[in-house]
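Since the structure comes first, as structure tokens, the remarks are kept for the end.
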Amino acid sequence: MGKKLVLLSTAIVTVAVLFLTGFYINSNINNIFNVPIGKMETVSLKAGAADKISGKEGGTAIKTKDNVGGGAPQKQVSESTGDIKKETTWEVKTTRIDQEAKKIVDNVLDYLVLVNKKNCLPAGFVPPDLVKPQIKFSFEEDLPKKLMRKEAAAAVENLFQQAGEEGIDIAGVSAYRSYERQQEIFNYKARQMGEEEANKISAHPGESEHQTGLAIDVSCSRVGYNLSEAFGETIEGRWLVENAPKHGFIIRYPRGKEDITGYNYEPWHIRYVGIEAAGEIASRNITLEQFLANEQ
Ligand SMILES: [Zn+2]
């Protein structure tokens, strides 16, 4: 009788331990996939990355491998959290609806760097030479969104100086944006309108040109400094089309090129590419994607 009770207790304890261990392993795997993307620079995955999680807890070795697709890993990082060591490929996404392969760009400091829905920046990339251009902004606070890379900042100052001389009243609305900030913005829009719609007007983190420090959104008081298509119809918006290329900027998302850029028309978003490339892109009425394809 006593022996049976011991056996029964042992069985119950064993089942409980197995159950809890299973739950533990499971929740750790889930943590990897559900990690808030602000932390993704350390523990994110992407379609194409093979990821390993290994760890030790209560004498139980955990090892699992998840292959989300094809493609080569880009960069390895490791992270230790207590006893749990995670080794993962430094990539950007795990929960995308479209799991198509994406490239992590490596020419991050190139003024011609291509950043779009297929070519994205590494999560941890912060331009090393961000400065605040001396131009009019639509807001007073000293925020990171006033920053641009040094050369682009000098170019935008020249652009705004010419505007001032010609009586064109424009203001910067948003320039540099960190990976984490882009994540917040995208999540906010996805909650409002759903991920698919949000993707047409807002970039996933890593896919925004604002992270390069080479882009700035510009508007004017006539449209309340809004970033709307109406800006493109204003005197200021038309002036920008004509004059931005003289200072090395292009209207990055033109009307009629949505299939190539992946974005709706954005008359307010200008991107620094240098005077030579900007002149050619504007005069040939092409996009940066087309310009770079021709270069190869
Ligand atoms: Zn923009």
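Identifiers for the structure tokens are assigned positionally: chains receive A, B, ... in sequence, residues are indexed from 1 per chain, and ligands are indexed from 1 in the order shown.
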(message) Please list as a ChimeraX atom specification every residue within 8 Å of A:Cys220, counting only C-alpha atoms and excluding residues in the same chain fewer than 2 positions away.
(response) /A:169-171,218,222-226,231,236
Please write the residues from the selection above to a file, keeping C-alpha atoms, as a PDB file, in the first residue's frame.
ATOM      1  CA  ASP A 169       8.124  79.376 -47.176  1.00  0.00           C
ATOM      2  CA  ILE A 170       8.799  75.722 -46.437  1.00  0.00           C
ATOM      3  CA  ALA A 171       9.605  73.914 -43.197  1.00  0.00           C
ATOM      4  CA  VAL A 218       9.007  69.008 -45.940  1.00  0.00           C
ATOM      5  CA  ARG A 222      -0.602  76.551 -46.685  1.00  0.00           C
ATOM      6  CA  VAL A 223      -1.441  72.901 -45.887  1.00  0.00           C
ATOM      7  CA  GLY A 224      -0.925  73.308 -42.138  1.00  0.00           C
ATOM      8  CA  TYR A 225       2.477  71.592 -42.399  1.00  0.00           C
ATOM      9  CA  ASN A 226       0.644  68.366 -43.035  1.00  0.00           C
ATOM     10  CA  PHE A 231       1.318  69.798 -50.594  1.00  0.00           C
ATOM     11  CA  GLU A 236       5.922  75.390 -52.468  1.00  0.00           C
TER      12      GLU A 236
END
(message) 12 Å from ligand 1 is the threshold here; counting only C-alpha atoms and all ligand atoms, which polymer residues fall inside it? Answer as number ranges by chain.
(response) A: 116, 145, 172-177, 182, 201-203, 207-219, 226-228, 250-253, 263-272
Would you mind exporting N, CA and C atoms of the selected residues as a short mmCIF file (atom, residue, chain, number, x, y, z; two decimals), in the first residue's frame?
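Output file part32.cif is given in full below:
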data_model
loop_
_atom_site.label_atom_id
_atom_site.label_comp_id
_atom_site.auth_asym_id
_atom_site.auth_seq_id
_atom_site.Cartn_x
_atom_site.Cartn_y
_atom_site.Cartn_z
N ASN A 116 14.36 50.22 -49.07
CA ASN A 116 12.94 50.11 -49.39
C ASN A 116 12.40 48.83 -48.77
N LYS A 145 14.24 63.99 -34.65
CA LYS A 145 13.73 64.11 -36.01
C LYS A 145 14.16 65.40 -36.71
N GLY A 172 10.89 72.05 -42.42
CA GLY A 172 11.15 70.63 -42.20
C GLY A 172 10.16 70.09 -41.18
N VAL A 173 9.64 68.91 -41.44
CA VAL A 173 8.66 68.31 -40.53
C VAL A 173 9.27 67.10 -39.81
N SER A 174 10.04 66.32 -40.53
CA SER A 174 10.62 65.12 -39.92
C SER A 174 11.80 64.62 -40.74
N ALA A 175 12.94 64.46 -40.09
CA ALA A 175 14.13 63.98 -40.81
C ALA A 175 14.54 62.62 -40.25
N TYR A 176 15.59 62.57 -39.43
CA TYR A 176 16.09 61.28 -38.94
C TYR A 176 15.06 60.58 -38.04
N ARG A 177 15.00 59.30 -38.20
CA ARG A 177 14.10 58.50 -37.35
C ARG A 177 14.82 57.18 -37.03
N GLN A 182 10.63 54.14 -35.64
CA GLN A 182 9.87 53.67 -36.81
C GLN A 182 8.95 52.53 -36.40
N ILE A 201 1.63 53.12 -46.48
CA ILE A 201 1.96 54.51 -46.15
C ILE A 201 3.09 54.62 -45.15
N SER A 202 3.42 53.53 -44.50
CA SER A 202 4.45 53.60 -43.47
C SER A 202 5.39 52.42 -43.63
N ALA A 203 6.63 52.63 -43.26
CA ALA A 203 7.62 51.57 -43.44
C ALA A 203 7.74 50.70 -42.20
N GLU A 207 13.17 49.56 -42.92
CA GLU A 207 12.83 49.82 -44.31
C GLU A 207 12.60 51.31 -44.58
N SER A 208 12.81 52.13 -43.56
CA SER A 208 12.54 53.56 -43.73
C SER A 208 13.81 54.32 -44.09
N GLU A 209 13.69 55.17 -45.09
CA GLU A 209 14.82 56.02 -45.46
C GLU A 209 15.15 57.02 -44.36
N HIS A 210 14.19 57.28 -43.50
CA HIS A 210 14.46 58.24 -42.43
C HIS A 210 15.56 57.74 -41.50
N GLN A 211 15.75 56.43 -41.45
CA GLN A 211 16.83 55.87 -40.61
C GLN A 211 18.21 56.16 -41.21
N THR A 212 18.26 56.48 -42.50
CA THR A 212 19.56 56.75 -43.13
C THR A 212 20.12 58.12 -42.74
N GLY A 213 19.23 59.01 -42.29
CA GLY A 213 19.66 60.39 -42.02
C GLY A 213 19.80 61.20 -43.29
N LEU A 214 19.31 60.65 -44.41
CA LEU A 214 19.42 61.33 -45.70
C LEU A 214 18.08 61.84 -46.21
N ALA A 215 17.01 61.59 -45.46
CA ALA A 215 15.68 61.97 -45.91
C ALA A 215 15.06 62.98 -44.96
N ILE A 216 14.22 63.83 -45.53
CA ILE A 216 13.48 64.78 -44.70
C ILE A 216 12.11 65.03 -45.33
N ASP A 217 11.11 65.08 -44.50
CA ASP A 217 9.77 65.45 -44.95
C ASP A 217 9.63 66.95 -44.81
N VAL A 218 9.11 67.55 -45.86
CA VAL A 218 9.01 69.01 -45.94
C VAL A 218 7.56 69.38 -46.23
N SER A 219 7.09 70.46 -45.64
CA SER A 219 5.73 70.93 -45.97
C SER A 219 5.68 72.44 -45.82
N ASN A 226 1.00 69.78 -42.95
CA ASN A 226 0.64 68.37 -43.03
C ASN A 226 1.46 67.69 -44.13
N LEU A 227 1.62 66.39 -43.96
CA LEU A 227 2.26 65.59 -45.00
C LEU A 227 1.13 64.96 -45.80
N SER A 228 0.65 65.74 -46.75
CA SER A 228 -0.50 65.28 -47.53
C SER A 228 -0.22 65.52 -49.01
N ILE A 250 16.01 64.28 -54.26
CA ILE A 250 14.96 63.83 -55.18
C ILE A 250 13.63 63.68 -54.43
N ILE A 251 12.55 63.84 -55.18
CA ILE A 251 11.23 63.47 -54.64
C ILE A 251 11.23 61.94 -54.73
N ARG A 252 11.33 61.30 -53.61
CA ARG A 252 11.65 59.87 -53.59
C ARG A 252 10.48 58.98 -54.04
N TYR A 253 9.24 59.42 -53.75
CA TYR A 253 8.07 58.58 -54.08
C TYR A 253 7.12 59.35 -55.00
N TYR A 263 5.58 52.61 -52.54
CA TYR A 263 4.89 53.60 -51.70
C TYR A 263 3.95 54.47 -52.51
N ASN A 264 2.92 54.92 -51.82
CA ASN A 264 2.04 55.91 -52.41
C ASN A 264 2.85 57.19 -52.69
N TYR A 265 2.29 58.03 -53.53
CA TYR A 265 2.88 59.33 -53.86
C TYR A 265 3.11 60.15 -52.58
N GLU A 266 4.32 60.64 -52.42
CA GLU A 266 4.66 61.46 -51.25
C GLU A 266 5.42 62.70 -51.70
N PRO A 267 4.71 63.76 -52.06
CA PRO A 267 5.40 64.96 -52.57
C PRO A 267 6.27 65.64 -51.52
N TRP A 268 6.10 65.25 -50.26
CA TRP A 268 6.83 65.91 -49.16
C TRP A 268 8.14 65.24 -48.78
N HIS A 269 8.35 64.02 -49.25
CA HIS A 269 9.53 63.26 -48.80
C HIS A 269 10.68 63.42 -49.79
N ILE A 270 11.72 64.12 -49.37
CA ILE A 270 12.88 64.27 -50.24
C ILE A 270 14.06 63.50 -49.65
N ARG A 271 14.88 63.01 -50.57
CA ARG A 271 15.98 62.13 -50.16
C ARG A 271 17.27 62.64 -50.81
N TYR A 272 18.29 62.77 -50.00
CA TYR A 272 19.58 63.22 -50.51
C TYR A 272 20.30 62.08 -51.22
#
(request) Figure out the distance between atom CA of A:Pro133 and atom CA of A:Lys146, please, to one decimal in Å. (result) 7.3 Å
(message) Show me, as a ChimeraX atom specification, the residues that have an atom within 10 Å of A:Glu195 when counting only C-alpha atoms, minus same-chain residues fewer than 5 positions from it.
(response) /A:96-97,186-190,200,202,204
(message) Could you check the closest approach to A:Glu157 for each of A:Gly248, A:Pro122, A:Pro254, A:Gly194 and tell me which residue wins, using only C-alpha atoms?
(response) A:Gly248
Apply DSSP to the backbone of this structure and, from stretch 140-255 of chain A, keep only the residues in helix (DSSP H, G or I); write these as an mmCIF file with N, CA and C atoms, in the first residue's frame.
data_model
loop_
_atom_site.group_PDB
_atom_site.id
_atom_site.type_symbol
_atom_site.label_atom_id
_atom_site.label_comp_id
_atom_site.auth_asym_id
_atom_site.auth_seq_id
_atom_site.Cartn_x
_atom_site.Cartn_y
_atom_site.Cartn_z
ATOM 1 N N PRO A 144 15.150 64.295 -32.060
ATOM 2 C CA PRO A 144 16.019 63.605 -33.024
ATOM 3 C C PRO A 144 15.539 63.762 -34.462
ATOM 4 N N LYS A 145 14.242 63.988 -34.646
ATOM 5 C CA LYS A 145 13.735 64.106 -36.013
ATOM 6 C C LYS A 145 14.162 65.400 -36.714
ATOM 7 N N LYS A 146 14.949 66.224 -36.014
ATOM 8 C CA LYS A 146 15.554 67.386 -36.679
ATOM 9 C C LYS A 146 16.911 67.038 -37.292
ATOM 10 N N LYS A 150 25.591 64.861 -41.969
ATOM 11 C CA LYS A 150 26.257 66.153 -42.154
ATOM 12 C C LYS A 150 26.122 66.719 -43.572
ATOM 13 N N GLU A 151 26.442 65.902 -44.562
ATOM 14 C CA GLU A 151 26.420 66.395 -45.946
ATOM 15 C C GLU A 151 24.990 66.729 -46.387
ATOM 16 N N ALA A 152 24.049 65.878 -45.987
ATOM 17 C CA ALA A 152 22.645 66.125 -46.333
ATOM 18 C C ALA A 152 22.118 67.365 -45.611
ATOM 19 N N ALA A 153 22.591 67.566 -44.389
ATOM 20 C CA ALA A 153 22.171 68.740 -43.610
ATOM 21 C C ALA A 153 22.656 70.021 -44.286
ATOM 22 N N ALA A 154 23.909 70.022 -44.755
ATOM 23 C CA ALA A 154 24.448 71.195 -45.451
ATOM 24 C C ALA A 154 23.663 71.445 -46.730
ATOM 25 N N ALA A 155 23.313 70.362 -47.435
ATOM 26 C CA ALA A 155 22.563 70.494 -48.689
ATOM 27 C C ALA A 155 21.156 71.039 -48.431
ATOM 28 N N VAL A 156 20.528 70.572 -47.361
ATOM 29 C CA VAL A 156 19.162 71.041 -47.083
ATOM 30 C C VAL A 156 19.191 72.506 -46.638
ATOM 31 N N GLU A 157 20.277 72.915 -45.984
ATOM 32 C CA GLU A 157 20.417 74.337 -45.625
ATOM 33 C C GLU A 157 20.488 75.190 -46.895
ATOM 34 N N ASN A 158 21.244 74.717 -47.876
ATOM 35 C CA ASN A 158 21.327 75.446 -49.155
ATOM 36 C C ASN A 158 19.979 75.506 -49.856
ATOM 37 N N LEU A 159 19.269 74.387 -49.820
ATOM 38 C CA LEU A 159 17.944 74.329 -50.444
ATOM 39 C C LEU A 159 16.998 75.346 -49.788
ATOM 40 N N PHE A 160 17.016 75.364 -48.464
ATOM 41 C CA PHE A 160 16.128 76.280 -47.739
ATOM 42 C C PHE A 160 16.562 77.734 -47.913
ATOM 43 N N GLN A 161 17.856 77.942 -48.072
ATOM 44 C CA GLN A 161 18.320 79.307 -48.285
ATOM 45 C C GLN A 161 17.806 79.829 -49.623
ATOM 46 N N GLN A 162 17.912 78.974 -50.637
ATOM 47 C CA GLN A 162 17.388 79.384 -51.948
ATOM 48 C C GLN A 162 15.881 79.642 -51.862
ATOM 49 N N ALA A 163 15.188 78.759 -51.140
ATOM 50 C CA ALA A 163 13.736 78.945 -50.980
ATOM 51 C C ALA A 163 13.447 80.312 -50.368
ATOM 52 N N GLY A 164 14.176 80.630 -49.285
ATOM 53 C CA GLY A 164 13.973 81.913 -48.602
ATOM 54 C C GLY A 164 14.194 83.090 -49.539
ATOM 55 N N GLU A 165 15.241 83.001 -50.336
ATOM 56 C CA GLU A 165 15.569 84.090 -51.267
ATOM 57 C C GLU A 165 14.479 84.272 -52.320
ATOM 58 N N TYR A 179 15.378 53.270 -35.731
ATOM 59 C CA TYR A 179 14.693 51.988 -35.948
ATOM 60 C C TYR A 179 13.543 51.822 -34.941
ATOM 61 N N GLU A 180 13.829 52.135 -33.695
ATOM 62 C CA GLU A 180 12.832 51.933 -32.639
ATOM 63 C C GLU A 180 11.639 52.871 -32.826
ATOM 64 N N ARG A 181 11.933 54.112 -33.202
ATOM 65 C CA ARG A 181 10.861 55.090 -33.402
ATOM 66 C C ARG A 181 9.980 54.657 -34.590
ATOM 67 N N GLN A 182 10.625 54.140 -35.639
ATOM 68 C CA GLN A 182 9.874 53.672 -36.807
ATOM 69 C C GLN A 182 8.952 52.525 -36.405
ATOM 70 N N GLN A 183 9.446 51.683 -35.515
ATOM 71 C CA GLN A 183 8.635 50.566 -35.027
ATOM 72 C C GLN A 183 7.384 51.076 -34.325
ATOM 73 N N GLU A 184 7.564 52.082 -33.488
ATOM 74 C CA GLU A 184 6.414 52.647 -32.759
ATOM 75 C C GLU A 184 5.398 53.217 -33.740
ATOM 76 N N ILE A 185 5.918 53.937 -34.732
ATOM 77 C CA ILE A 185 5.023 54.565 -35.708
ATOM 78 C C ILE A 185 4.275 53.502 -36.510
ATOM 79 N N PHE A 186 5.005 52.497 -36.969
ATOM 80 C CA PHE A 186 4.357 51.461 -37.768
ATOM 81 C C PHE A 186 3.299 50.726 -36.944
ATOM 82 N N ASN A 187 3.635 50.368 -35.720
ATOM 83 C CA ASN A 187 2.679 49.654 -34.867
ATOM 84 C C ASN A 187 1.422 50.486 -34.639
ATOM 85 N N TYR A 188 1.635 51.786 -34.435
ATOM 86 C CA TYR A 188 0.505 52.684 -34.200
ATOM 87 C C TYR A 188 -0.425 52.697 -35.410
ATOM 88 N N LYS A 189 0.177 52.810 -36.602
ATOM 89 C CA LYS A 189 -0.645 52.853 -37.818
ATOM 90 C C LYS A 189 -1.293 51.500 -38.096
ATOM 91 N N ALA A 190 -0.563 50.418 -37.811
ATOM 92 C CA ALA A 190 -1.121 49.081 -38.036
ATOM 93 C C ALA A 190 -2.317 48.841 -37.127
ATOM 94 N N ARG A 191 -2.268 49.382 -35.916
ATOM 95 C CA ARG A 191 -3.403 49.239 -34.995
ATOM 96 C C ARG A 191 -4.604 50.009 -35.517
ATOM 97 N N GLN A 192 -4.322 51.176 -36.129
ATOM 98 C CA GLN A 192 -5.412 52.024 -36.627
ATOM 99 C C GLN A 192 -6.072 51.439 -37.865
ATOM 100 N N MET A 193 -5.255 50.953 -38.817
ATOM 101 C CA MET A 193 -5.805 50.617 -40.136
ATOM 102 C C MET A 193 -5.484 49.205 -40.595
ATOM 103 N N GLU A 195 -2.364 46.003 -40.772
ATOM 104 C CA GLU A 195 -0.973 45.969 -41.226
ATOM 105 C C GLU A 195 -0.828 46.211 -42.725
ATOM 106 N N GLU A 196 -1.755 45.652 -43.503
ATOM 107 C CA GLU A 196 -1.622 45.766 -44.961
ATOM 108 C C GLU A 196 -1.725 47.217 -45.420
ATOM 109 N N GLU A 197 -2.721 47.944 -44.890
ATOM 110 C CA GLU A 197 -2.892 49.355 -45.249
ATOM 111 C C GLU A 197 -1.727 50.185 -44.712
ATOM 112 N N ALA A 198 -1.335 49.879 -43.486
ATOM 113 C CA ALA A 198 -0.239 50.624 -42.862
ATOM 114 C C ALA A 198 1.037 50.505 -43.698
ATOM 115 N N ASN A 199 1.220 49.342 -44.295
ATOM 116 C CA ASN A 199 2.424 49.083 -45.081
ATOM 117 C C ASN A 199 2.513 49.948 -46.335
ATOM 118 N N LYS A 200 1.354 50.447 -46.804
ATOM 119 C CA LYS A 200 1.361 51.292 -48.008
ATOM 120 C C LYS A 200 1.821 52.707 -47.706
ATOM 121 N N ILE A 201 1.630 53.119 -46.476
ATOM 122 C CA ILE A 201 1.962 54.509 -46.150
ATOM 123 C C ILE A 201 3.094 54.622 -45.145
ATOM 124 N N GLU A 209 13.691 55.172 -45.088
ATOM 125 C CA GLU A 209 14.818 56.024 -45.459
ATOM 126 C C GLU A 209 15.153 57.020 -44.361
ATOM 127 N N HIS A 210 14.193 57.276 -43.496
ATOM 128 C CA HIS A 210 14.463 58.241 -42.426
ATOM 129 C C HIS A 210 15.565 57.744 -41.498
ATOM 130 N N GLN A 211 15.753 56.432 -41.449
ATOM 131 C CA GLN A 211 16.828 55.873 -40.607
ATOM 132 C C GLN A 211 18.214 56.155 -41.206
ATOM 133 N N THR A 212 18.262 56.476 -42.497
ATOM 134 C CA THR A 212 19.564 56.750 -43.132
ATOM 135 C C THR A 212 20.119 58.116 -42.741
ATOM 136 N N SER A 221 2.997 76.057 -44.649
ATOM 137 C CA SER A 221 1.885 76.504 -43.810
ATOM 138 C C SER A 221 0.542 76.431 -44.556
ATOM 139 N N ARG A 222 0.613 76.593 -45.864
ATOM 140 C CA ARG A 222 -0.602 76.551 -46.685
ATOM 141 C C ARG A 222 -1.413 75.262 -46.473
ATOM 142 N N VAL A 223 -0.731 74.161 -46.165
ATOM 143 C CA VAL A 223 -1.441 72.901 -45.887
ATOM 144 C C VAL A 223 -1.269 72.508 -44.405
ATOM 145 N N GLU A 229 -0.982 64.840 -49.841
ATOM 146 C CA GLU A 229 -0.809 65.003 -51.288
ATOM 147 C C GLU A 229 -1.056 66.435 -51.711
ATOM 148 N N ALA A 230 -1.879 67.142 -50.925
ATOM 149 C CA ALA A 230 -2.199 68.533 -51.258
ATOM 150 C C ALA A 230 -0.933 69.390 -51.315
ATOM 151 N N PHE A 231 0.069 69.035 -50.563
ATOM 152 C CA PHE A 231 1.318 69.798 -50.594
ATOM 153 C C PHE A 231 1.898 69.833 -52.006
ATOM 154 N N GLY A 232 1.741 68.718 -52.730
ATOM 155 C CA GLY A 232 2.269 68.643 -54.094
ATOM 156 C C GLY A 232 1.637 69.646 -55.043
ATOM 157 N N GLU A 233 0.440 70.121 -54.697
ATOM 158 C CA GLU A 233 -0.277 71.072 -55.566
ATOM 159 C C GLU A 233 0.019 72.523 -55.207
ATOM 160 N N ILE A 235 2.295 76.010 -54.410
ATOM 161 C CA ILE A 235 3.441 76.669 -55.044
ATOM 162 C C ILE A 235 4.732 76.090 -54.472
ATOM 163 N N GLU A 236 4.722 75.893 -53.154
ATOM 164 C CA GLU A 236 5.922 75.390 -52.468
ATOM 165 C C GLU A 236 6.262 73.968 -52.916
ATOM 166 N N GLY A 237 5.219 73.134 -53.036
ATOM 167 C CA GLY A 237 5.440 71.754 -53.465
ATOM 168 C C GLY A 237 5.984 71.682 -54.871
ATOM 169 N N ARG A 238 5.472 72.553 -55.746
ATOM 170 C CA ARG A 238 5.960 72.572 -57.137
ATOM 171 C C ARG A 238 7.374 73.124 -57.208
ATOM 172 N N TRP A 239 7.632 74.125 -56.362
ATOM 173 C CA TRP A 239 8.978 74.696 -56.295
ATOM 174 C C TRP A 239 9.983 73.613 -55.874
ATOM 175 N N LEU A 240 9.549 72.770 -54.941
ATOM 176 C CA LEU A 240 10.433 71.718 -54.434
ATOM 177 C C LEU A 240 10.805 70.723 -55.534
ATOM 178 N N VAL A 241 9.830 70.360 -56.360
ATOM 179 C CA VAL A 241 10.105 69.437 -57.474
ATOM 180 C C VAL A 241 11.184 70.012 -58.378
ATOM 181 N N GLU A 242 11.063 71.317 -58.659
ATOM 182 C CA GLU A 242 11.999 71.980 -59.575
ATOM 183 C C GLU A 242 13.396 72.148 -58.976
ATOM 184 N N ASN A 243 13.429 72.470 -57.689
ATOM 185 C CA ASN A 243 14.695 72.935 -57.116
ATOM 186 C C ASN A 243 15.428 71.958 -56.207
ATOM 187 N N ALA A 244 14.728 70.971 -55.686
ATOM 188 C CA ALA A 244 15.399 70.004 -54.800
ATOM 189 C C ALA A 244 16.600 69.335 -55.481
ATOM 190 N N PRO A 245 16.465 68.922 -56.754
ATOM 191 C CA PRO A 245 17.602 68.238 -57.404
ATOM 192 C C PRO A 245 18.853 69.099 -57.508
ATOM 193 N N LYS A 246 18.677 70.419 -57.583
ATOM 194 C CA LYS A 246 19.858 71.306 -57.676
ATOM 195 C C LYS A 246 20.732 71.195 -56.436
ATOM 196 N N HIS A 247 20.131 70.726 -55.361
ATOM 197 C CA HIS A 247 20.869 70.600 -54.103
ATOM 198 C C HIS A 247 21.088 69.137 -53.712
#
(request) List every residue of stretch 181-238 of chain A that DSSP, applied to the backbone, labels as strand (DSSP E), and write the result as an MDAnalysis selection string. (result) chainID A and resid 215:220
Prev. selection, C-alpha atoms, output as a CSV table (one decimal), in the first residue's frame:
chain,number,residue,atom,x,y,z
A,215,ALA,CA,15.7,62.0,-45.9
A,216,ILE,CA,13.5,64.8,-44.7
A,217,ASP,CA,9.8,65.4,-44.9
A,218,VAL,CA,9.0,69.0,-45.9
A,219,SER,CA,5.7,70.9,-46.0
A,220,CYS,CA,4.3,74.4,-45.8
(request) Compare A:Asn294, A:Ile135, A:Phe249, A:Met148 by their minimum atom-to-atom distance to A:Ile275, counting only C-alpha atoms, and give me the closest one. (result)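 Under the stated criterion, the closest residue is A:Phe249.
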(request) For A:Val113, please output as a ChimeraX atom specification all residues within 10 Å (counting only C-alpha atoms; exclusion window: fewer than 5 positions along the same chain). (result) /A:105-108,119-121,209,212,214,273,288,292
Go ahead and save the picked residues with C-alpha atoms, as a short mmCIF file (atom, residue, chain, number, x, y, z; two decimals), in the first residue's frame.
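Contents of part_27.cif, freshly written:
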data_model
loop_
_atom_site.label_atom_id
_atom_site.label_comp_id
_atom_site.auth_asym_id
_atom_site.auth_seq_id
_atom_site.Cartn_x
_atom_site.Cartn_y
_atom_site.Cartn_z
CA VAL A 105 22.06 46.53 -47.09
CA ASP A 106 25.74 46.79 -46.27
CA ASN A 107 26.54 50.14 -47.91
CA VAL A 108 24.77 51.96 -45.10
CA ASN A 119 16.38 46.32 -48.90
CA CYS A 120 16.58 47.25 -45.28
CA LEU A 121 19.00 48.72 -42.82
CA GLU A 209 14.82 56.02 -45.46
CA THR A 212 19.56 56.75 -43.13
CA LEU A 214 19.42 61.33 -45.70
CA VAL A 273 21.48 61.30 -53.21
CA LEU A 288 16.25 55.69 -57.29
CA LEU A 292 20.60 52.06 -59.46
#
(request) Work out how far atom CA of A:Asp142 is from atom CA of A:Gly124, in Å to one decimal. (result) 22.4 Å
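Straight-line separation from atom CA of A:Tyr111 to atom CA of A:Ser138: 25.6 Å.
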(message) Residues within 12 Å of A:Gln290, please, as a list in words. Count only C-alpha atoms; anything in the same chain fewer than 3 positions from it doesn't count.
(response)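 Selected residues are Leu114, Arg252, Lys257, Asp259, Ile260, Thr261, Ala277, Glu280, Ile281, Ala282, Arg284, Asn285, Ile286, Thr287, Ala293, Asn294, Glu295 and Gln296 of chain A.
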(message) So, with only C-alpha atoms as the atoms that count, which of A:Ala101, A:Val115, A:Ile168, A:Leu130 lies closest to A:Arg149?
(response) A:Leu130
